Amino acid sequence: MIKSIELKNWKTHKNTKLDFSKGTNILIGQMGAGKSSLMDAISFALFGTFPAIQHKKVNVGKLIRNKPEQEKEGHVRLNLEINGDNYTITREMSLNGKSTATIEKNGTYLQSQPERVTEEVERILKVDYDLFSKAVYSEQNQLDYFLDLRSADRKKQIDGLLGLDKFSTAQENATSIVNRIRDMIADSERMAREFDVNKVASELQELKSSLNAVENEKSEAERGIKQCKEERSRLESEVNRLKEMQSRRTLLLKEIEGLKGRMSLLESEMKKADNQQLHKKVEVLAEKESLRSALEKLKSQESQNAEAERRLHTEMAKIDAALANARKDSLENSKITKELEKNKKELIQKDIAEINDSIGELSIALAHSISTISETEKQLKELKGHISKCPICERELDAQMVTKITDGKNKLMHEHAVKSKELEALLSKKKIELKELTSLLNSVSLMEEKHRSYSGIEERIKSYESEISSAKKQYEKIKAARESYANEIQSSTERLQKTISSIETIERIERYVSEKEKLSIALSEKTASCYGIIVDEKMIDALQSQLIKSESEISKHTANLNSAIKSIREKEVQIKEKESEIERINKIHEELSKKKSLVENLSKFKISLAETQSVLRVQLINSINEIMHEVWKELYPYGDYQSVILDASENGYELKVKTLINKEYVWEDVESIASGGERSTACLAMRVAFSLVLVPNLKWLILDEPTHNIDQQGLSKFVQMFSETLPGIVDQVFIITHDELLKQVSDAKIYVLSRNKEENGPTQVSEA
């Protein structure tokens with residue numbers, strides 16, 4: 001059941017909310033009042049579209065209210081109750097044509113994209129837009145939509161509505177498939193006839209025999225290559241062994257020459273060095289340690305002096321900063337003293353008191369003038385109301401006296417008005433002066449307070465100057481001590497460097513002696529190894545000749561092998577091609593059998609589809625006609641047409657009524673004998689039947705101007721049907737109409753819609 005709908009800036013609706021009830025809901029209003037747009041909104045909320053969008057008459061951006069001004073966005077919110085669950089669907093539109101959507105179930109979001117929301121609605125209602133627009137929603141004045149179609153189009157539309165078009169489509173597809181398969185069978189049979197299987201089999205056997213012979217040649221070549229490679233490997237090992245011995249002997253000879261050269265160099269260096277220094281090593285080492293200890297003490301004392309100098313330098317910087325600040329404060333204090341002498345606080349306070357007194361007097365005078373003006377205005381008003389008597393003493397007054405008094409009062413008011421302006425200007429000036437003096441007084445007070453804070457500033461300056469003088473004297477003393485230590489450190493460092501140099505010379509001579517002893521031992525060992533290696537150059541040359549011959553044999557066998565491999569590959573490709581040809585023809589025969597069987601099965605399937613379609617059409621049309629017969633009795637107020645049916649044949653569908661001709665009841669086509677109102681009544685019966693048969697779970701019906709072409713007696717039957725019959729068959733009926741007579745429908749929810757179109761006003765809704 002549709003519970004309610006909310007519209008914001010939807011077409012002519014600014015802010016509209018309607019609550020619907022079970023049974024009949026009627027929307028009444030004149031053309032352009034916004035009735036049909038409400039039903040469009042229901043369709044849009046459910047499926048994101050409605051007929052005008054489907055026919056591309058409007059886009060989403062054009063749905064937003066644009067009179068009297070263009071709104072930027074709008075939305076539609078629909079509330080449903082399905083199987084005890086509450087659903088809320090919201091779709092929002094913007095001027096760029098884009099839209100957003102959400103659907104909630106019992107307050108919980110289900111989907112949040114327009115396409116997903118539509119799919120969720122179709123799943124819940126078990127109805128898509130196409131079925132909804134044909135079986136549930138009848139557009140304005142489109143009740144007889146199916147009668148306006150050509151016979152072929154009507155059959156196509158109704159078959160689609162009933163779901164029978166799928167069977168016709170399946171039959172057409174089956175026929176197309178059968179024809180394609182038959183063409184494939186003819187092509188396959190032609191290919192099979194052109195192929196000589198015995199010839200290809202004989203060629204295949206010859207290729208296989210030839211392949212065996214070539215594979216034997218390949219095996220023989222592989223054996224030859226293996227034997228030659230083994231011999232080559234043996235020869236290479238022997239040659240490498242001899243060459244390695246030869247290289248080792250050459251390397252030893254080079255190393256011996258190197259050792260001899262190094263020993264000669266060491267002997268030369270040892271002759272240059274003072275060997276007497278070797279006996280003084282202990283004394284030199286002791287002197288080195290003594291000098292190093294003394295140097296460390298000097299550096300420690302120098303470091304202490306440097307730290308003292310740093311601390312004193314920091315202290316002097318602080319005193320300098322404090323002295324600079326004190327001198328700055330002294331200068332500012334002098335400026336403040338001059339300002340205080342120029343602006344005496346007592347005189348400023350006296351001037352402020354005088355101005356305050358003057359402001360008080362001016363305020364009193366201004367208040368008196370304003371009071372006088374007010375009192376005079378009051379007297380003039382009373383004087384106008386009492387022309388014959390004075391409003392104060394009640395003395396009789398003539399017109400001349402009234403004029404004289406009035407002129408006097410007006411003159412007095414003018415004088416006080418001028419005086420009031422003068423007083424206001426003077427009072428404003430005095431207030432400005434008071435503000436300036438008050439500001440000056442505050443400045444003087446601040447300067448006095450600062451002046452007091454600078455008390456004793458000159459004494460502090462003298463103290464800082466004394467401290468900085470003392471610190472400078474101490475700094476010079478420390479600096480002189482540091483320079484003395486620096487000289488001693490430099491002298492000690494030079495003596496230490498000389499001692500270290502002597503030690504390095506002694507150690508170098510010791511290394512030379514040790515290294516010479518080691519070189520002598522190595523030279524003896526390498527000389528003995530070199531004389532133990534004997535290499536025969538002729539033997540190496542003979543082995544290399546055998547190696548070259550072996551390589552030649554390997555190349556010969558490799559060429560034979562490559563030739564055999566190439567021949568094998570070619571024959572294998574040829575064999576594979578022949579086998580593929582045989583396999584392909586066998587597959588063609590197998591596929592031929594399957595395709596022929598498939599053609600037979602598809603032909604049977606086409607017959608089954610036609611029979612099933614015919615049975616389903618009869619069952620559906622019978623169900624529709626049963627409901628149409630019951631509805632017709634409630635709808636049609638006259639006796640000339642007993643009933644109405646939808647007649648189905650191979651050529652299409654016709655809507656027929658039962659009428660008496662020549663004392664016999666016959667079925668006649670509605671289009672040929674019925675008036676416009678009778679056509680509309682018959683189509684309404686068909687619409688109700690479609691809705692109940694095709695959408696039994698929904699049981700909604702939306703009718704836009706269903707009384708089109710219906711006469712007064714027919715309208716009375718409509719009222720009776722909507723009051724009594726339809727509520728028992730359909731859960732909810734929505735009627736859009738301009739016909740006031742439908743207000744008589746009992747137990748209906750009735751809304752009246754109106755709109756001031758001349759002023760481009762929004763739709764107004766009231767409940768009748």
# chains A, B, ... in the order shown; residues from 1 in each chain; ligands from 1
call {"tool": "select_by_dssp", "arguments": {"residues": "segment 68-267 of chain A", "states": "alpha helix (DSSP H)", "output": "PyMOL selection string"}}
result
chain A and resi 114-125+129-131+151-162+165-193+197-267
call {"tool": "residues_around", "arguments": {"residues": "Lys22 of chain A", "least_positions_apart": "2", "cutoff": "12 Å", "atoms": "only C-alpha atoms", "output": "list in words"}}
result
Met1, Ile2, Lys3, Ser4, Asp19, Phe20, Thr24, Asn25, Ile26, Leu80, Glu81, Lys699, Trp700, Leu701, Leu726, Pro727, Gly728, Ile729, Val730, Asp731, Gln732, Val733, Phe734, Asp747, Ala748 and Lys749 of chain A
call {"tool": "closest_residue", "arguments": {"among": "A:Leu380, A:Leu434, A:Met686, A:Ile457", "to": "Glu354 of chain A", "atoms": "only C-alpha atoms"}}
result
A:Leu434
call {"tool": "residues_around", "arguments": {"residues": "segment 173-179 of chain A", "least_positions_apart": "5", "cutoff": "8 Å", "atoms": "only C-alpha atoms", "output": "MDAnalysis selection string"}}
result
chainID A and resid 599 602:603 605:606
call {"tool": "write_last_selection", "arguments": {"atoms": "N, CA, C and O atoms", "output": "mmCIF file, in the first residue's frame"}}
result
data_model
loop_
_atom_site.group_PDB
_atom_site.id
_atom_site.type_symbol
_atom_site.label_atom_id
_atom_site.label_comp_id
_atom_site.auth_asym_id
_atom_site.auth_seq_id
_atom_site.Cartn_x
_atom_site.Cartn_y
_atom_site.Cartn_z
ATOM 1 N N VAL A 599 18.703 -30.337 -35.320
ATOM 2 C CA VAL A 599 17.628 -29.786 -36.170
ATOM 3 C C VAL A 599 16.305 -30.462 -35.845
ATOM 4 O O VAL A 599 15.253 -29.820 -35.725
ATOM 5 N N LEU A 602 15.102 -29.214 -32.404
ATOM 6 C CA LEU A 602 14.628 -27.821 -32.446
ATOM 7 C C LEU A 602 13.259 -27.734 -33.121
ATOM 8 O O LEU A 602 12.421 -26.904 -32.736
ATOM 9 N N SER A 603 13.047 -28.533 -34.100
ATOM 10 C CA SER A 603 11.736 -28.545 -34.765
ATOM 11 C C SER A 603 10.653 -28.971 -33.778
ATOM 12 O O SER A 603 9.558 -28.391 -33.736
ATOM 13 N N PHE A 605 10.905 -28.600 -30.570
ATOM 14 C CA PHE A 605 10.830 -27.518 -29.577
ATOM 15 C C PHE A 605 9.934 -26.383 -30.074
ATOM 16 O O PHE A 605 9.153 -25.804 -29.306
ATOM 17 N N LYS A 606 10.017 -26.046 -31.387
ATOM 18 C CA LYS A 606 9.168 -24.989 -31.955
ATOM 19 C C LYS A 606 7.691 -25.345 -31.808
ATOM 20 O O LYS A 606 6.860 -24.503 -31.454
#
call {"tool": "closest_residue", "arguments": {"among": "A:Ser723, A:Asn622, A:Thr118, A:Asn79", "to": "Val644 of chain A", "atoms": "only C-alpha atoms"}}
result
A:Asn622
call {"tool": "atom_distance", "arguments": {"atom1": "atom CA of Val695 of chain A", "atom2": "atom CA of Leu7 of chain A"}}
result
26.7 Å
call {"tool": "residues_around", "arguments": {"residues": "Lys717 of chain A", "least_positions_apart": "4", "cutoff": "7 Å", "atoms": "only C-alpha atoms", "output": "PyMOL selection string"}}
result
chain A and resi 634-637+713+721
call {"tool": "residues_around", "arguments": {"residues": "Ser470 of chain A", "least_positions_apart": "6", "cutoff": "12 Å", "atoms": "only C-alpha atoms", "output": "JSON, numbers by chain"}}
result
{"A": [312, 315, 316, 319, 463, 464, 476, 477]}
call {"tool": "closest_residue", "arguments": {"among": "A:Lys338, A:Ile89, A:Ala610, A:Ser520", "to": "Thr169 of chain A", "atoms": "only C-alpha atoms"}}
result
A:Ala610
call {"tool": "residues_around", "arguments": {"residues": "segment 42-57 of chain A", "least_positions_apart": "5", "cutoff": "7 Å", "atoms": "only C-alpha atoms", "output": "list in words"}}
result
Val76, Arg77, Leu78, Ile89, Thr90, Arg91, Thr118, Val121 and Tyr129 of chain A
call {"tool": "closest_residue", "arguments": {"among": "A:Leu655, A:Ala33, A:Leu703, A:Leu131", "to": "Thr763 of chain A", "atoms": "only C-alpha atoms"}}
result
A:Ala33
call {"tool": "residues_around", "arguments": {"residues": "Val631 of chain A", "least_positions_apart": "6", "cutoff": "8 Å", "atoms": "only C-alpha atoms", "output": "PyMOL selection string"}}
result
chain A and resi 685+688+725
call {"tool": "write_last_selection", "arguments": {"atoms": "C-alpha atoms", "output": "compact mmCIF listing (two decimals), in the first residue's frame"}}
result
# COMPACT_ATOMS: atom_id res chain seq x y z
CA ALA A 685 -12.89 -2.94 -17.39
CA VAL A 688 -8.88 -3.51 -14.02
CA THR A 725 -17.10 -2.82 -6.15
call {"tool": "atom_distance", "arguments": {"atom1": "atom CA of Ala367 of chain A", "atom2": "atom CA of Ser420 of chain A"}}
result
8.5 Å
call {"tool": "closest_residue", "arguments": {"among": "A:Leu161, A:Ala322, A:Ser754, A:Ala201", "to": "Glu467 of chain A", "atoms": "only C-alpha atoms"}}
result
A:Ala322
call {"tool": "select_by_dssp", "arguments": {"residues": "segment 575-726 of chain A", "states": "strand (DSSP E or B)", "output": "VMD selection string"}}
result
chain A and resid 641 to 648 653 to 661 664 to 669 700 to 704
call {"tool": "atom_distance", "arguments": {"atom1": "atom CA of Ile548 of chain A", "atom2": "atom CA of Lys229 of chain A"}}
result
11.8 Å
